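Printed here is query_1.pdb (PDB, C-alpha atoms):
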ATOM      1  CA  MET A  13      76.002 186.520 175.488
ATOM      2  CA  THR A  14      77.079 187.530 178.991
ATOM      3  CA  LEU A  15      74.542 187.808 181.744
ATOM      4  CA  GLU A  16      75.284 191.516 181.956
ATOM      5  CA  SER A  17      74.501 192.208 178.305
ATOM      6  CA  LYS A  18      71.387 190.048 178.473
ATOM      7  CA  GLU A  19      70.128 192.043 181.440
ATOM      8  CA  CYS A  20      70.989 195.238 179.659
ATOM      9  CA  GLU A  21      68.997 194.134 176.609
ATOM     10  CA  GLU A  22      65.991 193.292 178.752
ATOM     11  CA  ILE A  23      66.130 196.709 180.382
ATOM     12  CA  VAL A  24      66.225 198.373 176.961
ATOM     13  CA  SER A  25      63.336 196.348 175.601
ATOM     14  CA  ALA A  26      61.208 197.155 178.675
ATOM     15  CA  ALA A  27      61.905 200.913 178.481
ATOM     16  CA  THR A  28      59.290 203.394 177.260
ATOM     17  CA  ASP A  29      59.856 205.307 174.017
ATOM     18  CA  GLU A  30      60.473 208.467 176.066
ATOM     19  CA  GLU A  31      63.178 206.722 178.072
ATOM     20  CA  LEU A  32      64.805 205.382 174.902
ATOM     21  CA  VAL A  33      64.746 208.857 173.341
ATOM     22  CA  ARG A  34      66.373 210.337 176.456
ATOM     23  CA  ARG A  35      69.100 207.696 176.382
ATOM     24  CA  SER A  36      69.599 208.049 172.626
ATOM     25  CA  LYS A  37      70.273 211.740 173.163
ATOM     26  CA  GLU A  38      73.087 210.636 175.489
ATOM     27  CA  ASP A  39      74.607 208.557 172.687
ATOM     28  CA  ASP A  40      73.253 205.243 173.968
ATOM     29  CA  GLU A  41      73.400 203.279 170.706
ATOM     30  CA  ARG A  42      71.524 200.344 172.153
ATOM     31  CA  ALA A  43      68.572 202.585 173.020
ATOM     32  CA  PHE A  44      68.427 203.976 169.494
ATOM     33  CA  GLY A  45      68.700 200.428 168.149
ATOM     34  CA  GLU A  46      65.645 199.486 170.190
ATOM     35  CA  LEU A  47      63.686 202.419 168.709
ATOM     36  CA  VAL A  48      64.677 201.158 165.256
ATOM     37  CA  SER A  49      63.446 197.647 166.121
ATOM     38  CA  ARG A  50      60.171 198.999 167.448
ATOM     39  CA  TYR A  51      59.348 201.212 164.487
ATOM     40  CA  GLU A  52      61.144 199.871 161.406
ATOM     41  CA  SER A  53      58.285 197.665 160.210
ATOM     42  CA  LYS A  54      55.685 200.399 160.824
ATOM     43  CA  VAL A  55      57.823 202.946 158.993
ATOM     44  CA  TYR A  56      58.424 200.515 156.130
ATOM     45  CA  SER A  57      54.731 199.690 155.847
ATOM     46  CA  LEU A  58      53.707 203.365 155.760
ATOM     47  CA  ALA A  59      56.496 204.125 153.264
ATOM     48  CA  LEU A  60      55.394 201.266 151.011
ATOM     49  CA  ARG A  61      51.795 202.464 151.046
ATOM     50  CA  MET A  62      52.956 205.943 150.095
ATOM     51  CA  VAL A  63      55.603 205.244 147.458
ATOM     52  CA  ARG A  64      54.166 201.901 146.279
ATOM     53  CA  ASN A  65      57.298 200.012 145.406
ATOM     54  CA  PRO A  66      59.629 198.074 147.695
ATOM     55  CA  GLU A  67      62.874 199.687 146.502
ATOM     56  CA  ASP A  68      61.655 203.236 147.116
ATOM     57  CA  ALA A  69      60.082 202.147 150.408
ATOM     58  CA  GLU A  70      63.429 200.808 151.600
ATOM     59  CA  ASP A  71      65.129 204.062 150.595
ATOM     60  CA  VAL A  72      62.507 205.985 152.584
ATOM     61  CA  LEU A  73      63.049 203.651 155.550
ATOM     62  CA  GLN A  74      66.804 204.249 155.535
ATOM     63  CA  ASP A  75      66.429 207.973 154.968
ATOM     64  CA  THR A  76      63.917 208.207 157.828
ATOM     65  CA  PHE A  77      66.129 206.527 160.415
ATOM     66  CA  LEU A  78      69.215 208.387 159.214
ATOM     67  CA  ARG A  79      67.401 211.670 159.754
ATOM     68  CA  ALA A  80      66.084 210.461 163.094
ATOM     69  CA  TYR A  81      69.598 209.449 164.154
ATOM     70  CA  ARG A  82      71.006 212.822 163.150
ATOM     71  CA  GLY A  83      68.106 214.748 164.637
ATOM     72  CA  ILE A  84      67.357 212.907 167.852
ATOM     73  CA  LYS A  85      69.342 215.400 169.951
ATOM     74  CA  SER A  86      67.224 218.261 168.739
ATOM     75  CA  PHE A  87      63.967 216.340 169.132
ATOM     76  CA  GLN A  88      62.155 218.314 171.808
ATOM     77  CA  GLY A  89      59.532 215.767 172.695
ATOM     78  CA  ALA A  90      56.625 218.122 171.970
ATOM     79  CA  SER A  91      55.051 215.194 170.105
ATOM     80  CA  THR A  92      55.565 211.504 170.766
ATOM     81  CA  PHE A  93      58.445 209.676 169.127
ATOM     82  CA  SER A  94      55.962 207.757 167.003
ATOM     83  CA  THR A  95      54.395 210.957 165.611
ATOM     84  CA  TRP A  96      57.866 212.369 165.003
ATOM     85  CA  ILE A  97      59.106 209.297 163.119
ATOM     86  CA  TYR A  98      55.911 209.153 161.026
ATOM     87  CA  ARG A  99      56.371 212.836 160.172
ATOM     88  CA  ILE A 100      59.904 212.166 158.941
ATOM     89  CA  THR A 101      58.610 209.166 156.958
ATOM     90  CA  ALA A 102      55.792 211.169 155.381
ATOM     91  CA  ASN A 103      58.181 213.997 154.406
ATOM     92  CA  SER A 104      60.710 211.622 152.934
ATOM     93  CA  ALA A 105      58.015 209.773 150.981
ATOM     94  CA  LEU A 106      56.511 213.058 149.778
ATOM     95  CA  MET A 107      59.851 214.270 148.409
ATOM     96  CA  ARG A 108      60.255 211.001 146.540
ATOM     97  CA  LEU A 109      56.703 211.158 145.175
ATOM     98  CA  ARG A 110      57.118 214.753 144.020
ATOM     99  CA  LYS A 111      60.231 213.798 142.104
ATOM    100  CA  LYS A 112      58.363 211.037 140.311
ATOM    101  CA  GLN A 113      54.905 212.560 140.022
ATOM    102  CA  LEU A 114      53.623 213.110 136.547
ATOM    103  CA  PRO A 115      51.797 216.389 136.138
ATOM    104  CA  THR A 116      48.298 215.986 137.567
ATOM    105  CA  VAL A 117      45.206 218.051 137.133
ATOM    106  CA  SER A 118      44.561 220.061 140.277
ATOM    107  CA  ILE A 119      42.126 218.326 142.571
ATOM    108  CA  GLU A 120      40.386 221.665 142.993
ATOM    109  CA  ASP A 121      39.045 221.406 139.455
ATOM    110  CA  GLN A 122      37.582 217.973 139.818
ATOM    111  CA  ASP A 123      34.742 216.251 141.547
ATOM    112  CA  GLU A 124      33.179 219.487 142.682
ATOM    113  CA  ARG A 125      29.586 218.458 142.448
ATOM    114  CA  GLU A 126      27.003 220.387 144.293
ATOM    115  CA  THR A 127      24.256 217.849 143.874
ATOM    116  CA  PRO A 128      24.362 214.083 143.656
ATOM    117  CA  VAL A 129      24.327 212.637 140.143
ATOM    118  CA  ASN A 130      22.700 209.253 140.204
ATOM    119  CA  ILE A 131      25.676 207.219 141.261
ATOM    120  CA  ALA A 132      25.069 203.530 140.599
ATOM    121  CA  ASP A 133      25.034 201.648 143.861
ATOM    122  CA  TRP A 134      27.716 198.951 143.712
ATOM    123  CA  THR A 135      27.777 198.378 147.433
ATOM    124  CA  PRO A 136      25.682 195.298 148.213
ATOM    125  CA  GLY A 137      27.746 192.495 149.713
ATOM    126  CA  PRO A 138      30.587 192.482 152.200
ATOM    127  CA  ALA A 139      33.962 194.031 151.313
ATOM    128  CA  ASP A 140      35.798 190.713 151.245
ATOM    129  CA  GLN A 141      33.500 189.356 148.527
ATOM    130  CA  LEU A 142      34.174 192.337 146.278
ATOM    131  CA  MET A 143      37.936 192.110 146.680
ATOM    132  CA  THR A 144      39.873 190.779 143.718
ATOM    133  CA  GLN A 145      43.434 191.333 142.586
ATOM    134  CA  GLU A 146      42.145 193.563 139.814
ATOM    135  CA  LEU A 147      40.183 195.661 142.287
ATOM    136  CA  GLN A 148      43.246 195.991 144.501
ATOM    137  CA  GLN A 149      45.201 197.316 141.525
ATOM    138  CA  GLU A 150      42.406 199.764 140.837
ATOM    139  CA  MET A 151      42.408 200.884 144.475
ATOM    140  CA  ASP A 152      46.172 201.505 144.330
ATOM    141  CA  ALA A 153      45.759 203.377 141.050
ATOM    142  CA  ALA A 154      42.987 205.486 142.613
ATOM    143  CA  ILE A 155      45.360 206.613 145.379
ATOM    144  CA  GLU A 156      48.138 207.189 142.873
ATOM    145  CA  SER A 157      45.925 209.488 140.830
ATOM    146  CA  LEU A 158      45.637 211.905 143.785
ATOM    147  CA  PRO A 159      48.133 214.737 144.208
ATOM    148  CA  PRO A 160      50.816 213.606 146.734
ATOM    149  CA  GLU A 161      49.573 215.870 149.548
ATOM    150  CA  PHE A 162      46.129 214.295 149.286
ATOM    151  CA  GLN A 163      47.530 210.786 149.048
ATOM    152  CA  GLN A 164      49.279 211.290 152.371
ATOM    153  CA  VAL A 165      46.139 212.396 154.174
ATOM    154  CA  PHE A 166      44.070 209.569 152.694
ATOM    155  CA  ILE A 167      46.653 206.864 153.489
ATOM    156  CA  LEU A 168      47.254 208.022 157.054
ATOM    157  CA  ARG A 169      43.573 208.525 157.815
ATOM    158  CA  ASP A 170      41.752 205.809 155.886
ATOM    159  CA  VAL A 171      44.367 203.112 155.404
ATOM    160  CA  GLU A 172      46.504 203.493 158.542
ATOM    161  CA  GLU A 173      43.404 204.579 160.492
ATOM    162  CA  LYS A 174      44.971 207.446 162.395
ATOM    163  CA  SER A 175      42.748 210.179 163.838
ATOM    164  CA  ASN A 176      42.343 213.599 162.204
ATOM    165  CA  ALA A 177      44.339 215.103 165.084
ATOM    166  CA  GLU A 178      47.190 212.614 164.647
ATOM    167  CA  VAL A 179      47.300 213.178 160.889
ATOM    168  CA  ALA A 180      47.365 216.929 161.483
ATOM    169  CA  GLU A 181      50.299 216.532 163.848
ATOM    170  CA  ILE A 182      52.224 214.191 161.553
ATOM    171  CA  LEU A 183      51.750 216.403 158.479
ATOM    172  CA  ASP A 184      51.991 219.693 160.357
ATOM    173  CA  LEU A 185      48.582 220.820 159.109
ATOM    174  CA  SER A 186      45.519 222.195 160.844
ATOM    175  CA  VAL A 187      42.749 219.690 161.578
ATOM    176  CA  ALA A 188      40.511 221.731 159.256
ATOM    177  CA  ALA A 189      43.015 221.343 156.408
ATOM    178  CA  VAL A 190      43.222 217.585 157.040
ATOM    179  CA  LYS A 191      39.433 217.292 156.929
ATOM    180  CA  SER A 192      39.144 219.327 153.769
ATOM    181  CA  ARG A 193      41.822 217.309 151.937
ATOM    182  CA  LEU A 194      40.376 214.064 153.253
ATOM    183  CA  HIS A 195      36.889 214.862 152.000
ATOM    184  CA  ARG A 196      38.135 215.659 148.495
ATOM    185  CA  ALA A 197      40.439 212.655 148.416
ATOM    186  CA  ARG A 198      37.673 210.292 149.541
ATOM    187  CA  LEU A 199      35.270 211.550 146.872
ATOM    188  CA  LYS A 200      37.862 211.285 144.148
ATOM    189  CA  VAL A 201      38.882 207.769 145.135
ATOM    190  CA  ARG A 202      35.226 206.741 145.412
ATOM    191  CA  ASN A 203      34.448 208.172 141.966
ATOM    192  CA  ARG A 204      37.271 206.158 140.472
ATOM    193  CA  LEU A 205      35.973 202.951 142.070
ATOM    194  CA  SER A 206      32.424 203.787 140.923
ATOM    195  CA  THR A 207      33.704 204.072 137.353
ATOM    196  CA  TYR A 208      35.550 200.789 137.761
ATOM    197  CA  PHE A 209      32.440 198.999 138.997
ATOM    198  CA  SER A 210      30.122 200.460 136.377
ATOM    199  CA  ASP A 211      32.619 199.528 133.609
ATOM    200  CA  SER A 212      33.093 196.024 134.905
ATOM    201  CA  GLU A 213      29.329 195.523 135.101
ATOM    202  CA  LYS A 214      28.949 195.601 131.310
ATOM    203  CA  PRO A 215      31.357 192.917 130.072
ATOM    204  CA  LYS A 216      31.027 190.907 133.248
ATOM    205  CA  ARG A 217      34.746 190.174 133.487
ATOM    206  CA  ARG A 218      37.270 192.547 132.072
ATOM    207  CA  ALA A 219      40.507 191.123 130.732
ATOM    208  CA  MET A 220      43.224 191.283 133.403
ATOM    209  CA  GLY A 221      45.433 194.270 132.917
ATOM    210  CA  ALA A 222      43.100 195.997 130.511
ATOM    211  CA  HIS A 223      42.524 199.679 131.245
TER     212      HIS A 223
ATOM    213  CA  MET B   6      15.867 220.367 156.198
ATOM    214  CA  LEU B   7      19.360 220.076 154.741
ATOM    215  CA  THR B   8      19.837 220.449 151.000
ATOM    216  CA  CYS B   9      21.618 217.801 148.900
ATOM    217  CA  LYS B  10      24.530 220.218 148.504
ATOM    218  CA  GLU B  11      24.900 220.565 152.271
ATOM    219  CA  VAL B  12      24.674 216.796 152.736
ATOM    220  CA  LEU B  13      27.357 216.145 150.125
ATOM    221  CA  GLU B  14      29.685 218.693 151.661
ATOM    222  CA  SER B  15      29.357 217.073 155.067
ATOM    223  CA  LEU B  16      29.434 213.390 154.080
ATOM    224  CA  SER B  17      32.992 212.889 155.242
ATOM    225  CA  ASP B  18      32.344 214.392 158.684
ATOM    226  CA  TYR B  19      29.145 212.371 158.888
ATOM    227  CA  LEU B  20      31.028 209.141 158.165
ATOM    228  CA  ASP B  21      33.453 210.010 160.938
ATOM    229  CA  ALA B  22      30.572 211.041 163.245
ATOM    230  CA  ASP B  23      32.491 214.283 163.566
ATOM    231  CA  MET B  24      29.526 216.668 163.883
ATOM    232  CA  LYS B  25      26.912 217.784 166.348
ATOM    233  CA  GLU B  26      24.216 215.284 167.179
ATOM    234  CA  ASP B  27      21.328 217.348 165.818
ATOM    235  CA  ILE B  28      23.126 217.676 162.465
ATOM    236  CA  ILE B  29      23.828 213.942 162.471
ATOM    237  CA  ASN B  30      20.097 213.358 162.902
ATOM    238  CA  GLU B  31      19.287 215.755 160.067
ATOM    239  CA  MET B  32      21.807 214.015 157.826
ATOM    240  CA  LYS B  33      20.327 210.643 158.716
ATOM    241  CA  LYS B  34      16.839 211.893 157.889
ATOM    242  CA  HIS B  35      17.908 213.338 154.516
ATOM    243  CA  ILE B  36      19.903 210.251 153.489
ATOM    244  CA  GLY B  37      16.961 208.046 154.486
ATOM    245  CA  SER B  38      14.617 209.884 152.162
ATOM    246  CA  CYS B  39      16.880 210.851 149.207
ATOM    247  CA  SER B  40      18.047 207.937 147.058
ATOM    248  CA  ASP B  41      20.773 209.950 145.286
ATOM    249  CA  CYS B  42      22.363 211.046 148.545
ATOM    250  CA  ARG B  43      21.963 207.526 149.896
ATOM    251  CA  ALA B  44      23.937 206.135 146.932
ATOM    252  CA  GLU B  45      26.608 208.785 147.584
ATOM    253  CA  PHE B  46      26.755 207.751 151.223
ATOM    254  CA  ASP B  47      26.716 203.987 150.573
ATOM    255  CA  THR B  48      29.422 204.060 147.903
ATOM    256  CA  LEU B  49      31.648 206.292 150.042
ATOM    257  CA  THR B  50      31.146 204.005 153.036
ATOM    258  CA  MET B  51      32.009 200.929 150.955
ATOM    259  CA  THR B  52      35.073 202.645 149.477
ATOM    260  CA  LEU B  53      36.472 203.241 152.954
ATOM    261  CA  LYS B  54      35.574 199.699 154.016
ATOM    262  CA  LEU B  55      37.505 198.308 151.052
ATOM    263  CA  TYR B  56      40.608 200.298 151.969
ATOM    264  CA  LYS B  57      40.370 199.280 155.618
ATOM    265  CA  HIS B  58      39.949 195.672 154.521
ATOM    266  CA  GLU B  59      43.061 195.916 152.358
ATOM    267  CA  ALA B  60      45.000 197.600 155.155
ATOM    268  CA  GLY B  61      44.659 194.408 157.163
ATOM    269  CA  GLU B  62      47.145 192.786 154.815
ATOM    270  CA  PRO B  63      50.619 193.062 156.361
ATOM    271  CA  LYS B  64      53.259 194.925 154.385
ATOM    272  CA  ALA B  65      56.278 192.964 155.541
ATOM    273  CA  MET B  66      59.851 194.172 155.144
ATOM    274  CA  PRO B  67      61.805 192.276 152.468
ATOM    275  CA  VAL B  68      64.543 189.839 153.480
ATOM    276  CA  GLY B  69      67.755 191.652 154.355
ATOM    277  CA  CYS B  70      66.037 195.020 154.733
ATOM    278  CA  HIS B  71      66.683 195.200 158.497
ATOM    279  CA  ASP B  72      70.368 194.279 158.069
ATOM    280  CA  ARG B  73      70.860 196.899 155.356
ATOM    281  CA  LEU B  74      69.260 199.535 157.598
ATOM    282  CA  VAL B  75      71.551 198.591 160.495
ATOM    283  CA  LYS B  76      74.563 198.843 158.186
ATOM    284  CA  VAL B  77      73.540 202.306 156.963
ATOM    285  CA  LEU B  78      73.146 203.489 160.558
ATOM    286  CA  GLU B  79      76.491 202.001 161.574
ATOM    287  CA  LEU B  80      78.221 203.828 158.737
ATOM    288  CA  GLU B  81      76.534 207.050 159.851
ATOM    289  CA  LYS B  82      77.707 206.419 163.413
ATOM    290  CA  LEU B  83      81.306 205.995 162.239
ATOM    291  CA  ARG B  84      81.028 209.098 160.098
ATOM    292  CA  SER B  85      79.645 211.186 162.938
ATOM    293  CA  LYS B  86      82.389 209.984 165.260
ATOM    294  CA  GLY B  87      85.188 211.589 163.360
ATOM    295  CA  ALA B  88      85.728 209.579 160.206
ATOM    296  CA  PRO B  89      86.050 212.030 157.320
ATOM    297  CA  PRO B  90      82.726 212.655 155.610
ATOM    298  CA  PRO B  91      82.357 210.941 152.242
ATOM    299  CA  LYS B  92      83.184 213.253 149.356
ATOM    300  CA  MET B  93      80.132 214.624 147.650
ATOM    301  CA  VAL B  94      80.311 214.114 143.926
TER     302      VAL B  94
END
Could the structure of this file be written out as structure tokens, please?
Amino acid sequence: MTLESKECEEIVSAATDEELVRRSKEDDERAFGELVSRYESKVYSLALRMVRNPEDAEDVLQDTFLRAYRGIKSFQGASTFSTWIYRITANSALMRLRKKQLPTVSIEDQDERETPVNIADWTPGPADQLMTQELQQEMDAAIESLPPEFQQVFILRDVEEKSNAEVAEILDLSVAAVKSRLHRARLKVRNRLSTYFSDSEKPKRRAMGAH
Amino acid sequence: MLTCKEVLESLSDYLDADMKEDIINEMKKHIGSCSDCRAEFDTLTMTLKLYKHEAGEPKAMPVGCHDRLVKVLELEKLRSKGAPPPKMV
């Protein structure tokens, strides 16, 4: 590597996202390459959480950066690059999920309790003591059972730990809509885990893979 | 005094501390004295804790994933710089 290219690489890696976006718009391939390096693992991780298998997640990753590459010149910078790339990821993952989604019962019809109904308390003990491989599968299945639009809100907010405002920006929703979907998604996921814990209480250990 | 219905509707905002302080205090008071609502609150809190705990696990890219992405982008670059677009079947 020549000294010149090494210096050039250091300049690129020290640049802000905004600077890299500006240079990418001017066809600076190295700048776009740096944006890819900075965000590819975050995009992949979000994609994997949303589509839940590595092959689809890689397709979403490639689709996301292809769209970003094609669209960078028209990216106005009203949001940050990170919000923009997450939005593309979420849209790409959503399209894939919709293609695969089995018909689900509308979330509107479910879990609409007006009063509490004696939920068994399965909460004593720290989270890491409850965690088993079987529980992790149940947690994934709980997310999967949500309609895709609710899965997205739940994953971004409660798994990726983004704020309501960030989720609203990424999904192009109002904050009120994010909060409403989040509330319903949380209750539905919780109800599924409550069922899991109350079932697994009876025969103390359920056979692995049994449903 | 808030009703159980009102508490249930606001549990999510309460968990996020996304409400006015006087309502937070009312919620706290209700949940402290109503065992059903407390179970609702505790199980919801633990659900979110479990997901946050799981989120700590890294979701690493598979081997070769980065190289395949670079290749896809290089092909796109060539295509956009005048190579004929691939025929759509």
**Request:** Given the file shown, enumerate the residues that the PyMOL selection byres ((chain B) within 8 of (chain A)) captures and present them as a PyMOL selection string.
**Result:** chain B and resi 9-10+13+16-18+41-42+44-45+47-49+51-60+63-67+70-71+74+77-78+81
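You will find CA of Glu30 in chain A at 21.5 Å from CA of Lys82 in chain B.
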**Asked** How many Å lie between CA of Ala105 in chain A and CA of Ser186 in chain A, rounded to one decimal?
**Response**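 For CA of Ala105 in chain A relative to CA of Ser186 in chain A, the distance reads 20.2 Å.
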**Asked** Out of A:Gln164, A:Thr207, A:Thr101, A:Gln149, which residue has the shortest atom-to-atom distance to Asp68 in chain A when counting all atoms listed in the file?
**Response** A:Thr101
**Message:** If the PyMOL selection byres ((chain A and resi 97) around 9) were run on this exact file, what residues would it hold? Put them as a list in words.
**Reply:**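 Those residues are Tyr51, Val55, Thr76, Phe77, Ala80, Thr92, Phe93, Ser94, Thr95, Trp96, Tyr98, Arg99, Ile100, Thr101, Ala102 and Ile182 of chain A.
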Write out the residues from the selection above, keeping C-alpha atoms, as a CSV table (one decimal), keeping the file's coordinate frame.
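The resulting file, result_27.csv, is shown below:
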chain,number,residue,atom,x,y,z
A,51,TYR,CA,59.3,201.2,164.5
A,55,VAL,CA,57.8,202.9,159.0
A,76,THR,CA,63.9,208.2,157.8
A,77,PHE,CA,66.1,206.5,160.4
A,80,ALA,CA,66.1,210.5,163.1
A,92,THR,CA,55.6,211.5,170.8
A,93,PHE,CA,58.4,209.7,169.1
A,94,SER,CA,56.0,207.8,167.0
A,95,THR,CA,54.4,211.0,165.6
A,96,TRP,CA,57.9,212.4,165.0
A,98,TYR,CA,55.9,209.2,161.0
A,99,ARG,CA,56.4,212.8,160.2
A,100,ILE,CA,59.9,212.2,158.9
A,101,THR,CA,58.6,209.2,157.0
A,102,ALA,CA,55.8,211.2,155.4
A,182,ILE,CA,52.2,214.2,161.6
**Message:** Assuming the chain letters and numbering stay as they are in my file, what does the PyMOL selection byres ((chain B and resi 33) around 12) actually select? List them as a list in words.
**Reply:** Met6, Leu7, Val12, Ser15, Leu16, Tyr19, Leu20, Ala22, Glu26, Asp27, Ile28, Ile29, Asn30, Glu31, Met32, Lys34, His35, Ile36, Gly37, Ser38, Cys39, Cys42, Arg43 and Phe46 of chain B
**Message:** Could you list, as a list in words, every residue within 9 Å of Val165 in chain A, counting all atoms listed in the file and ignoring same-chain residues fewer than 3 positions away?
**Reply:**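 Listing them by chain and then by number gives Pro160, Glu161, Phe162, Leu168, Arg169, Asp170, Asn176, Val179, Ala180, Leu183, Val190, Lys191, Arg193, Leu194 and Ala197 of chain A.
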Only C-alpha atoms, please: the residues just picked out, written as a PDB file, in the coordinates of the input.
ATOM      1  CA  PRO A 160      50.816 213.606 146.734  1.00  0.00           C
ATOM      2  CA  GLU A 161      49.573 215.870 149.548  1.00  0.00           C
ATOM      3  CA  PHE A 162      46.129 214.295 149.286  1.00  0.00           C
ATOM      4  CA  LEU A 168      47.254 208.022 157.054  1.00  0.00           C
ATOM      5  CA  ARG A 169      43.573 208.525 157.815  1.00  0.00           C
ATOM      6  CA  ASP A 170      41.752 205.809 155.886  1.00  0.00           C
ATOM      7  CA  ASN A 176      42.343 213.599 162.204  1.00  0.00           C
ATOM      8  CA  VAL A 179      47.300 213.178 160.889  1.00  0.00           C
ATOM      9  CA  ALA A 180      47.365 216.929 161.483  1.00  0.00           C
ATOM     10  CA  LEU A 183      51.750 216.403 158.479  1.00  0.00           C
ATOM     11  CA  VAL A 190      43.222 217.585 157.040  1.00  0.00           C
ATOM     12  CA  LYS A 191      39.433 217.292 156.929  1.00  0.00           C
ATOM     13  CA  ARG A 193      41.822 217.309 151.937  1.00  0.00           C
ATOM     14  CA  LEU A 194      40.376 214.064 153.253  1.00  0.00           C
ATOM     15  CA  ALA A 197      40.439 212.655 148.416  1.00  0.00           C
TER      16      ALA A 197
END
Build an axis-aligned box that encloses every atom of range 60-67 of chain A listed in the file, pad it by 6 Å on each side, and report its centre and edge lengths in Å to one decimal, as AutoDock Vina command-line options.
--center_x 57.3 --center_y 202.0 --center_z 148.2 --size_x 23.1 --size_y 19.9 --size_z 17.6
**Distance query Glu31 in chain A at most 12 Å, only C-alpha atoms, self and fewer than 2 positions along chain excluded, as a PyMOL selection string** = chain A and resi 23-29+33-38+40+43-44+46-47+89+92-93
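Atom pair CA of Arg64 in chain A / CA of Leu109 in chain A: separated by 9.7 Å.
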